[in-house]
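What follows is the content of target_35.cif, which has mmCIF, C-alpha atoms:
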```cif
data_protein
loop_
_atom_site.label_atom_id
_atom_site.label_comp_id
_atom_site.auth_asym_id
_atom_site.auth_seq_id
_atom_site.Cartn_x
_atom_site.Cartn_y
_atom_site.Cartn_z
CA ASP J 720 19.37 30.45 -63.37
CA TRP J 721 20.05 26.76 -62.68
CA PHE J 722 21.59 27.58 -59.30
CA LEU J 723 18.36 29.21 -58.21
CA PHE J 724 16.20 26.30 -59.35
CA ALA J 725 18.40 23.91 -57.40
CA ILE J 726 17.73 25.61 -54.07
CA VAL J 727 13.96 26.06 -54.49
CA PRO J 728 12.21 23.28 -52.54
CA LYS J 729 10.06 20.78 -54.39
CA GLY J 730 6.44 20.02 -53.64
CA GLY J 731 4.63 23.09 -54.90
CA ALA J 732 5.36 25.55 -52.08
CA ARG J 733 4.02 29.05 -52.69
CA PRO J 734 6.72 31.38 -54.13
CA GLU J 735 6.24 33.96 -51.38
CA VAL J 736 7.18 31.33 -48.78
CA PHE J 737 10.74 30.97 -49.97
CA SER J 738 11.38 33.60 -52.62
CA GLU J 739 13.37 36.08 -50.53
CA ALA J 740 15.80 33.52 -49.11
CA ALA J 741 15.95 31.59 -52.37
CA TYR J 742 16.79 34.62 -54.45
CA ALA J 743 19.38 35.77 -51.93
CA ASP J 744 21.02 32.35 -51.95
CA GLY J 745 20.77 32.24 -55.74
CA ARG J 746 22.74 35.47 -56.01
CA ILE J 747 25.35 34.13 -53.59
CA LEU J 748 25.67 30.95 -55.64
CA ASP J 749 26.15 32.96 -58.82
CA GLU J 750 28.90 34.99 -57.19
CA ALA J 751 30.46 31.86 -55.72
CA ALA J 752 30.47 30.20 -59.14
CA GLY J 753 32.25 33.23 -60.60
CA LEU J 754 34.93 32.94 -57.92
CA PHE J 755 35.15 29.20 -58.59
CA TRP J 756 36.13 29.79 -62.23
CA LYS J 757 38.69 32.36 -61.07
CA ASN J 758 40.27 29.70 -58.78
CA ASP J 759 39.53 31.88 -55.76
CA TRP J 760 38.72 29.02 -53.39
CA PRO J 761 38.88 30.99 -50.12
CA GLY J 762 36.71 33.75 -51.56
CA MET J 763 34.22 31.21 -52.87
CA GLN J 764 34.00 29.41 -49.55
CA GLY J 765 33.47 32.73 -47.82
CA ARG J 766 30.52 33.52 -50.07
CA LEU J 767 28.99 30.07 -49.58
CA ALA J 768 29.25 30.50 -45.81
CA GLN J 769 26.84 33.44 -46.11
CA MET J 770 24.04 31.27 -47.45
CA THR J 771 21.01 30.28 -45.42
CA GLY J 772 20.81 26.85 -43.84
CA ALA J 773 18.53 25.52 -46.59
CA GLY J 774 20.68 26.97 -49.32
CA LYS J 775 23.85 25.42 -47.97
CA GLY J 776 22.33 22.01 -48.52
CA ALA J 777 21.43 22.69 -52.16
CA PRO J 778 23.19 20.39 -54.66
CA PRO J 779 25.14 23.17 -56.47
CA ALA J 780 26.39 24.56 -53.16
CA LEU J 781 27.52 21.13 -52.03
CA LEU J 782 29.26 20.47 -55.34
CA LEU J 783 31.04 23.83 -55.32
CA SER J 784 32.03 23.32 -51.69
CA ALA J 785 33.42 19.85 -52.39
CA ASN J 786 35.50 21.13 -55.30
CA ALA J 787 36.75 24.19 -53.44
CA SER J 788 37.70 22.15 -50.37
CA ALA J 789 39.58 19.64 -52.51
CA ARG J 790 41.50 22.40 -54.27
CA SER J 791 42.30 23.98 -50.92
CA GLN J 792 43.60 20.60 -49.73
CA LYS J 793 40.85 20.36 -47.11
CA LEU J 794 40.31 16.76 -48.08
CA ASP J 795 38.22 15.55 -45.15
CA GLU J 796 35.89 18.49 -45.69
CA ALA J 797 35.74 17.75 -49.44
CA LEU J 798 34.91 14.13 -48.70
CA GLY J 799 32.08 15.17 -46.39
CA PHE J 800 30.52 17.50 -48.95
CA ALA J 801 30.82 14.93 -51.74
CA THR J 802 29.37 12.14 -49.59
CA ARG J 803 26.42 14.30 -48.58
CA LEU J 804 25.75 15.32 -52.18
CA ALA J 805 25.98 11.73 -53.43
CA SER J 806 23.40 10.61 -50.89
CA THR J 807 20.93 13.44 -51.53
CA SER J 808 21.07 13.85 -55.32
CA GLN J 809 20.15 11.85 -58.39
CA GLY J 810 21.34 11.41 -61.96
CA ALA J 811 24.46 13.05 -63.34
CA LEU J 812 24.93 15.32 -60.31
CA ALA J 813 25.01 12.33 -57.97
CA GLU J 814 27.57 10.62 -60.21
CA MET J 815 29.73 13.75 -60.25
CA ALA J 816 29.59 13.68 -56.45
CA ARG J 817 30.67 10.03 -56.39
CA VAL J 818 33.64 10.84 -58.61
CA ALA J 819 34.56 13.77 -56.33
CA ARG J 820 34.27 11.41 -53.36
CA MET J 821 36.54 8.92 -55.13
CA ASP J 822 39.15 11.63 -55.75
CA ALA J 823 39.07 12.75 -52.11
CA LEU J 824 39.48 9.18 -50.86
CA LEU J 825 42.45 8.65 -53.14
CA GLU J 826 44.11 11.88 -51.98
CA LEU J 827 43.52 10.81 -48.38
CA LYS J 828 45.44 7.57 -49.15
CA ARG J 829 42.32 5.51 -48.57
CA ARG J 830 43.04 3.50 -51.68
CA ASP J 831 40.73 0.53 -51.12
CA GLU J 832 37.74 2.81 -50.54
CA ALA J 833 38.64 4.91 -53.59
CA VAL J 834 38.86 1.80 -55.77
CA ALA J 835 35.54 0.51 -54.42
CA GLN J 836 33.93 3.86 -55.26
CA ALA J 837 35.49 3.80 -58.75
CA LYS J 838 34.13 0.31 -59.37
CA ALA J 839 30.68 1.39 -58.21
CA VAL J 840 30.67 4.37 -60.58
CA LEU J 841 31.81 2.17 -63.46
CA GLU J 842 29.10 -0.41 -62.82
CA ARG J 843 26.43 2.31 -62.88
CA ALA J 844 27.52 3.63 -66.30
CA PRO J 845 25.91 4.46 -68.62
CA ARG J 846 22.48 4.07 -67.02
CA HIS J 847 22.86 6.93 -64.56
CA GLY J 848 24.06 9.80 -66.74
CA ILE J 849 27.76 9.57 -65.89
CA ARG J 850 29.74 12.01 -67.96
CA ALA J 851 32.52 10.89 -70.31
CA GLU J 852 35.11 12.97 -68.45
CA ASP J 853 34.13 11.33 -65.18
CA LEU J 854 34.42 7.86 -66.71
CA ASN J 855 37.87 8.83 -67.93
CA ARG J 856 38.81 9.93 -64.41
CA VAL J 857 37.54 6.60 -63.06
CA GLY J 858 39.70 4.83 -65.63
CA LEU J 859 42.80 6.77 -64.63
CA ILE J 860 42.33 5.86 -60.97
CA LEU J 861 41.73 2.19 -61.77
CA LYS J 862 44.82 2.17 -64.00
CA GLN J 863 46.85 3.86 -61.26
CA THR J 864 45.89 1.01 -58.95
CA THR J 865 46.85 -1.55 -61.65
CA LEU J 866 43.27 -2.64 -62.35
CA HIS J 867 43.94 -2.32 -66.06
CA HIS J 868 41.02 -4.37 -67.38
CA LEU J 869 38.53 -2.28 -65.43
CA ALA J 870 40.34 0.87 -66.56
CA ILE J 871 39.93 -0.24 -70.17
CA ARG J 872 36.17 -0.60 -69.64
CA ALA J 873 35.99 2.92 -68.26
CA PHE J 874 38.01 4.44 -71.11
CA GLU J 875 35.99 2.59 -73.75
CA LYS J 876 32.71 3.71 -72.17
CA ALA J 877 34.01 7.28 -72.17
CA ARG J 878 34.89 6.99 -75.86
CA GLU J 879 31.43 5.62 -76.66
CA GLN J 880 29.90 8.73 -75.13
CA ASP J 881 32.28 11.24 -76.66
CA ARG J 882 34.21 10.42 -79.82
CA THR J 883 35.66 13.92 -80.13
CA ASN J 884 38.14 13.65 -77.25
CA GLU J 885 41.36 11.94 -78.27
CA MET J 886 42.44 11.20 -74.71
CA TYR J 887 39.79 8.55 -74.12
CA PRO J 888 41.08 6.16 -76.83
CA ALA J 889 44.66 7.20 -76.05
CA ASN J 890 44.26 6.23 -72.41
CA ALA J 891 42.63 2.97 -73.51
CA GLY J 892 45.65 2.37 -75.74
CA VAL J 893 48.04 2.74 -72.81
CA ALA J 894 45.95 0.35 -70.72
CA TYR J 895 45.77 -2.20 -73.55
CA ARG J 896 49.54 -1.91 -73.95
CA ASP J 897 50.09 -2.53 -70.25
CA VAL J 898 48.15 -5.81 -70.38
CA GLY J 899 49.91 -6.97 -73.55
CA GLN J 900 47.00 -6.48 -75.98
CA VAL J 901 49.19 -4.89 -78.64
CA GLN J 902 46.77 -4.90 -81.55
CA LYS J 903 44.01 -3.31 -79.49
CA ALA J 904 46.50 -0.74 -78.25
CA ILE J 905 47.47 0.13 -81.83
CA GLU J 906 43.82 0.42 -82.85
CA SER J 907 43.11 2.71 -79.90
CA PHE J 908 46.06 4.99 -80.65
CA LYS J 909 44.95 5.20 -84.29
CA ARG J 910 41.45 6.20 -83.15
CA ALA J 911 42.99 8.93 -81.03
CA LEU J 912 45.10 10.18 -83.94
CA ALA J 913 42.07 10.23 -86.22
CA VAL J 914 40.66 12.86 -83.84
CA ALA J 915 43.92 14.72 -83.14
CA PRO J 916 46.52 13.94 -85.86
CA LYS J 917 49.01 16.47 -84.50
CA ARG J 918 49.34 14.88 -81.06
CA ALA J 919 53.03 13.98 -81.17
CA ASP J 920 52.92 12.18 -77.83
CA ILE J 921 50.23 9.75 -78.99
CA ARG J 922 51.97 9.21 -82.33
CA THR J 923 55.24 8.52 -80.51
CA GLU J 924 53.56 5.92 -78.31
CA LEU J 925 52.15 4.22 -81.40
CA ALA J 926 55.59 4.22 -83.02
CA SER J 927 57.10 2.69 -79.90
CA LEU J 928 54.69 -0.23 -80.20
CA TYR J 929 55.61 -0.73 -83.83
CA MET J 930 59.29 -0.80 -82.86
CA THR J 931 59.21 -2.91 -79.71
CA GLU J 932 56.22 -5.20 -80.15
CA VAL J 933 55.52 -5.51 -83.88
CA GLY J 934 59.01 -5.16 -85.33
CA ASP J 935 57.85 -2.80 -88.07
CA ASP J 936 60.59 -0.19 -88.14
CA GLU J 937 59.38 1.36 -91.39
CA GLU J 938 55.94 2.08 -89.94
CA ALA J 939 57.60 3.39 -86.78
CA LEU J 940 59.78 5.70 -88.89
CA ARG J 941 56.75 7.17 -90.63
CA GLU J 942 54.98 7.80 -87.36
CA LEU J 943 58.05 9.35 -85.74
CA GLU J 944 58.75 11.62 -88.70
CA ASP J 945 55.18 12.87 -88.43
CA ALA J 946 55.62 13.29 -84.67
CA VAL J 947 58.72 15.49 -84.88
CA THR J 948 57.09 17.49 -87.67
CA ALA J 949 54.05 18.10 -85.46
CA ASP J 950 56.21 18.93 -82.42
CA PRO J 951 59.88 19.75 -83.17
CA LEU J 952 60.59 19.92 -79.43
CA HIS J 953 59.34 16.44 -78.57
CA ALA J 954 62.40 14.80 -77.02
CA ARG J 955 61.19 11.20 -76.92
CA ALA J 956 60.10 11.30 -80.56
CA HIS J 957 63.59 12.45 -81.56
CA TYR J 958 65.22 9.78 -79.41
CA LEU J 959 63.15 6.95 -80.88
CA LEU J 960 63.55 8.33 -84.39
CA GLY J 961 67.32 8.18 -83.98
CA ILE J 962 67.07 4.55 -82.86
CA ALA J 963 64.80 3.69 -85.78
CA HIS J 964 67.25 5.23 -88.26
CA THR J 965 70.11 3.33 -86.62
CA ARG J 966 68.27 0.02 -86.84
CA ALA J 967 67.68 0.74 -90.54
CA TYR J 968 71.44 1.48 -90.97
CA ARG J 969 70.71 5.11 -91.82
CA LEU J 970 73.49 6.32 -89.60
CA ASP J 971 73.82 9.81 -91.04
CA ALA J 972 70.10 10.38 -90.53
CA ALA J 973 70.36 9.03 -86.98
CA ALA J 974 73.26 11.34 -86.20
CA GLU J 975 71.36 14.35 -87.50
CA VAL J 976 68.32 13.50 -85.36
CA TRP J 977 70.42 13.07 -82.25
CA ARG J 978 72.23 16.36 -82.90
CA ARG J 979 68.84 18.03 -82.90
CA LEU J 980 67.95 16.17 -79.71
CA LEU J 981 71.11 17.36 -77.95
CA LYS J 982 70.19 20.95 -78.74
CA LEU J 983 66.92 20.61 -76.87
CA THR J 984 67.35 21.89 -73.33
CA PRO J 985 65.25 20.27 -70.57
CA SER J 986 63.15 23.42 -70.38
CA ASP J 987 62.52 23.42 -74.13
CA ALA J 988 61.86 19.74 -74.66
CA THR J 989 58.24 18.66 -74.74
CA GLN J 990 57.53 16.08 -72.09
CA SER J 991 55.63 13.04 -73.25
CA PHE J 992 52.05 12.88 -72.01
CA PHE J 993 52.64 9.26 -71.15
CA GLY J 994 55.74 9.94 -69.05
#
```
Could you rewrite the structure in this file as structure tokens?
Amino acid sequence: DWFLFAIVPKGGARPEVFSEAAYADGRILDEAAGLFWKNDWPGMQGRLAQMTGAGKGAPPALLLSANASARSQKLDEALGFATRLASTSQGALAEMARVARMDALLELKRRDEAVAQAKAVLERAPRHGIRAEDLNRVGLILKQTTLHHLAIRAFEKAREQDRTNEMYPANAGVAYRDVGQVQKAIESFKRALAVAPKRADIRTELASLYMTEVGDDEEALRELEDAVTADPLHARAHYLLGIAHTRAYRLDAAAEVWRRLLKLTPSDATQSFFG
């Protein structure tokens, strides 16, 4: 069990010195992890509180505690656990702790510190085993704080690590769009669609670029037709498709699309991922 290994002290201590406490804490960690995946934060924190002093300082316990505290909105507590873990761990676990610390700082409205932590995580990638999902999270925070060029770096690094997740190039596409790099945005959205061709929200964003930045209404029409086929409830795809038909003087087709749009209630209509 990886939880158990994490709480056994290094340095070659004899098993009988720590086995009883270690195994007891290992069982508690296993149970706490089960509660974690059930979203039972209070129950998980209660189990962790039963650990021995040494066990409470083990990396998995600190990581679980940081996540549980954050989800329970105990943000100062989450920040403390994440800071302690970041300073006492190495490799991927330490980077996960830094990302958790970044999230806590942002939630606490300590924006400058959160951005500084995000920049530090980004600068350490990929040498320190930072996961693709954590790089993506760093990118989202940097984009949220309008540091688009740094966000692009984070998203591209995430894509380099994991080419099976369409959101990494899609997020890069949005960031490229926001800084006016239209061609790179189009390329990024196409990469995302190569992974997930039925993502209507990404296809709609690509079509919007063709319409507003490139002036290629025919290409936009093809993308939007594919989008509404993939997701018949996607409101924005219908709206833009109606505009594209109108601009091509296909007024009957535009009217039909907008009739379908009007039948979509707010509760039925798919919300665009990109807002």
Would you compute the distance between CA of Glu852 in chain J and CA of Gln902 in chain J? Give it in Å to one decimal. 25.0 Å
Counting all atoms listed in the file, which residues of range 847-928 of chain J sit at most 12 Å from some atom of range 802-822 of chain J, and what is each one's closest atom pair with its distance in Å to one decimal, listed by chain and rising residue number, as CSV?
```
residue,atom,partner,partner_atom,distance
J:His847,CA,J:Gly810,CA,5.4
J:Gly848,CA,J:Ala811,CA,4.7
J:Ile849,CA,J:Ala811,CA,5.4
J:Arg850,CA,J:Ala811,CA,7.1
J:Ala851,CA,J:Met815,CA,10.8
J:Glu852,CA,J:Met815,CA,9.8
J:Asp853,CA,J:Val818,CA,6.6
J:Leu854,CA,J:Val818,CA,8.7
J:Asn855,CA,J:Val818,CA,10.4
J:Arg856,CA,J:Val818,CA,7.8
J:Val857,CA,J:Val818,CA,7.3
J:Gly858,CA,J:Val818,CA,11.1
J:Leu859,CA,J:Asp822,CA,10.8
J:Ile860,CA,J:Asp822,CA,8.4
J:Leu861,CA,J:Met821,CA,10.8
```
Starting from the PyMOL selection byres ((chain J and resi 888) around 8), expand the selection into actual residues of this file and give them as a list in words.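 Applying the PyMOL selection byres ((chain J and resi 888) around 8) to the structure shown produces Phe874, Glu875, Arg878, Glu885, Met886, Tyr887, Ala889, Asn890, Ala891, Gly892, Ser907, Phe908, Arg910 and Ala911 of chain J.
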Spatial neighbours of Glu937 in chain J, max dist 10 Å, only C-alpha atoms, sep filter under 4 positions, as an NGL selection string: :J and (926 or 929-930 or 941-943 or 963-964 or 967)
Find the spatial neighbours of Val834 in chain J, counting all atoms listed in the file, within a cut-off of 10 Å - ignore same-chain residues fewer than 2 positions away - and output them as number ranges by chain. J: 821-822, 824-825, 829-832, 836-840, 857, 860-861, 863-864, 866
So, counting all atoms listed in the file, which residue among J:Ala873, J:Ala823, J:Glu938, J:Pro916 is closest to Gly799 in chain J?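 Of J:Ala873, J:Ala823, J:Glu938, J:Pro916, the one nearest Gly799 in chain J is J:Ala823, counting all atoms listed in the file.
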Residue by residue, what does the PyMOL selection byres ((chain J and resi 920) around 12) grab here? Present the result as JSON, numbers by chain. {"J": [885, 886, 889, 890, 893, 908, 911, 912, 915, 916, 917, 918, 919, 921, 922, 923, 924, 925, 926, 927, 942, 943, 945, 946, 947, 948, 949, 950, 951, 952, 953, 954, 955, 956, 957, 959, 989, 990, 991, 992, 993, 994]}
Between CA of Glu879 in chain J and CA of Ala939 in chain J, measure the distance and give it in Å to one decimal. 28.1 Å
Coordinates-based distance that separates CA of Leu827 in chain J from CA of Ala894 in chain J (Å, one decimal):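 Value for the CA of Ala894 in chain J-CA of Leu827 in chain J distance: 24.8 Å.
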Between J:Asn758, J:Thr965, J:Thr931, J:Gln880, which residue has the minimum interatomic distance to Trp977 in chain J, considering all atoms listed in the file?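 Distance minimum relative to Trp977 in chain J lands on J:Thr965.
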Which residues come within 9 Å of Ser788 in chain J, counting all atoms listed in the file, excluding same-chain residues fewer than 6 positions away, as a PyMOL selection string? chain J and resi 760-761+764+794-798+800
Top pick for closest residue to Arg966 in chain J, considering J:Leu940, J:Glu932, J:Leu983, J:Ala913 and counting all atoms listed in the file: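 Counting all atoms listed in the file, the residue closest to Arg966 in chain J is J:Leu940.
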Show me the residues around (69.7, 10.6, -85.2) - criterion: an atom at most 9 Å away, all atoms listed in the file counted - as number ranges by chain. J: 957-965, 969-980
Need the axis-aligned box for range 895-898 of chain J with 8 Å each side, so what are the centre and edges in Å to one decimal, as lines of an AutoDock Vina configuration file?
```
center_x = 47.9
center_y = -3.9
center_z = -72.1
size_x = 20.3
size_y = 19.9
size_z = 19.7
```
Since the input lacks atoms, please generate all heavy atoms for range 872-883 of chain J and provide them as a short mmCIF file (atom, residue, chain, number, x, y, z; two decimals), keeping the file's coordinate frame.
```cif
data_model
loop_
_atom_site.label_atom_id
_atom_site.label_comp_id
_atom_site.auth_asym_id
_atom_site.auth_seq_id
_atom_site.Cartn_x
_atom_site.Cartn_y
_atom_site.Cartn_z
N ARG J 872 37.63 -0.74 -69.54
CA ARG J 872 36.17 -0.60 -69.64
C ARG J 872 35.75 0.85 -69.48
O ARG J 872 34.88 1.35 -70.21
CB ARG J 872 35.49 -1.46 -68.58
CG ARG J 872 35.40 -2.94 -68.91
CD ARG J 872 34.69 -3.68 -67.81
NE ARG J 872 33.38 -3.12 -67.52
CZ ARG J 872 32.68 -3.37 -66.41
NH1 ARG J 872 33.19 -4.15 -65.47
NH2 ARG J 872 31.49 -2.83 -66.23
N ALA J 873 36.35 1.52 -68.51
CA ALA J 873 35.99 2.92 -68.26
C ALA J 873 36.36 3.80 -69.45
O ALA J 873 35.56 4.64 -69.89
CB ALA J 873 36.67 3.41 -66.99
N PHE J 874 37.57 3.63 -69.98
CA PHE J 874 38.01 4.44 -71.11
C PHE J 874 37.15 4.18 -72.35
O PHE J 874 36.79 5.11 -73.08
CB PHE J 874 39.47 4.16 -71.43
CG PHE J 874 40.44 4.57 -70.35
CD1 PHE J 874 41.50 3.74 -70.01
CD2 PHE J 874 40.29 5.77 -69.67
CE1 PHE J 874 42.39 4.10 -69.02
CE2 PHE J 874 41.18 6.14 -68.67
CZ PHE J 874 42.24 5.30 -68.34
N GLU J 875 36.81 2.92 -72.58
CA GLU J 875 35.99 2.59 -73.75
C GLU J 875 34.58 3.16 -73.60
O GLU J 875 33.99 3.64 -74.58
CB GLU J 875 35.94 1.08 -73.96
CG GLU J 875 37.28 0.45 -74.37
CD GLU J 875 37.70 0.78 -75.79
OE1 GLU J 875 37.16 1.75 -76.40
OE2 GLU J 875 38.59 0.09 -76.31
N LYS J 876 34.03 3.12 -72.40
CA LYS J 876 32.71 3.71 -72.17
C LYS J 876 32.76 5.22 -72.38
O LYS J 876 31.83 5.82 -72.92
CB LYS J 876 32.21 3.38 -70.77
CG LYS J 876 31.73 1.94 -70.59
CD LYS J 876 31.31 1.68 -69.15
CE LYS J 876 30.85 0.25 -68.95
NZ LYS J 876 29.59 -0.04 -69.64
N ALA J 877 33.86 5.84 -71.95
CA ALA J 877 34.01 7.28 -72.17
C ALA J 877 34.05 7.59 -73.67
O ALA J 877 33.42 8.55 -74.14
CB ALA J 877 35.27 7.78 -71.48
N ARG J 878 34.78 6.77 -74.41
CA ARG J 878 34.89 6.99 -75.86
C ARG J 878 33.54 6.79 -76.55
O ARG J 878 33.21 7.51 -77.50
CB ARG J 878 35.92 6.05 -76.47
CG ARG J 878 36.22 6.33 -77.95
CD ARG J 878 37.23 5.36 -78.50
NE ARG J 878 36.66 4.03 -78.66
CZ ARG J 878 35.97 3.62 -79.74
NH1 ARG J 878 35.76 4.46 -80.73
NH2 ARG J 878 35.51 2.40 -79.81
N GLU J 879 32.76 5.83 -76.07
CA GLU J 879 31.43 5.62 -76.66
C GLU J 879 30.54 6.85 -76.50
O GLU J 879 29.74 7.16 -77.36
CB GLU J 879 30.77 4.41 -76.00
CG GLU J 879 31.39 3.07 -76.39
CD GLU J 879 30.84 1.93 -75.55
OE1 GLU J 879 29.87 2.16 -74.79
OE2 GLU J 879 31.40 0.81 -75.63
N GLN J 880 30.72 7.54 -75.38
CA GLN J 880 29.90 8.73 -75.13
C GLN J 880 30.40 9.94 -75.89
O GLN J 880 29.61 10.80 -76.30
CB GLN J 880 29.89 9.05 -73.63
CG GLN J 880 29.03 8.12 -72.80
CD GLN J 880 28.82 8.67 -71.40
OE1 GLN J 880 28.78 9.88 -71.19
NE2 GLN J 880 28.70 7.79 -70.44
N ASP J 881 31.71 10.05 -76.04
CA ASP J 881 32.28 11.24 -76.66
C ASP J 881 33.44 10.82 -77.57
O ASP J 881 34.53 10.50 -77.09
CB ASP J 881 32.78 12.21 -75.59
CG ASP J 881 33.36 13.49 -76.18
OD1 ASP J 881 33.39 13.63 -77.42
OD2 ASP J 881 33.83 14.34 -75.40
N ARG J 882 33.19 10.84 -78.85
CA ARG J 882 34.21 10.42 -79.82
C ARG J 882 35.05 11.58 -80.32
O ARG J 882 35.82 11.43 -81.28
CB ARG J 882 33.57 9.67 -80.98
CG ARG J 882 32.89 8.37 -80.54
CD ARG J 882 32.24 7.64 -81.70
NE ARG J 882 31.55 6.44 -81.24
CZ ARG J 882 32.11 5.23 -81.12
NH1 ARG J 882 33.38 5.06 -81.45
NH2 ARG J 882 31.40 4.20 -80.69
N THR J 883 34.90 12.74 -79.70
CA THR J 883 35.66 13.92 -80.13
C THR J 883 36.87 14.19 -79.24
O THR J 883 37.64 15.11 -79.53
CB THR J 883 34.76 15.17 -80.13
OG1 THR J 883 34.38 15.48 -78.79
CG2 THR J 883 33.52 14.95 -80.98
#
```
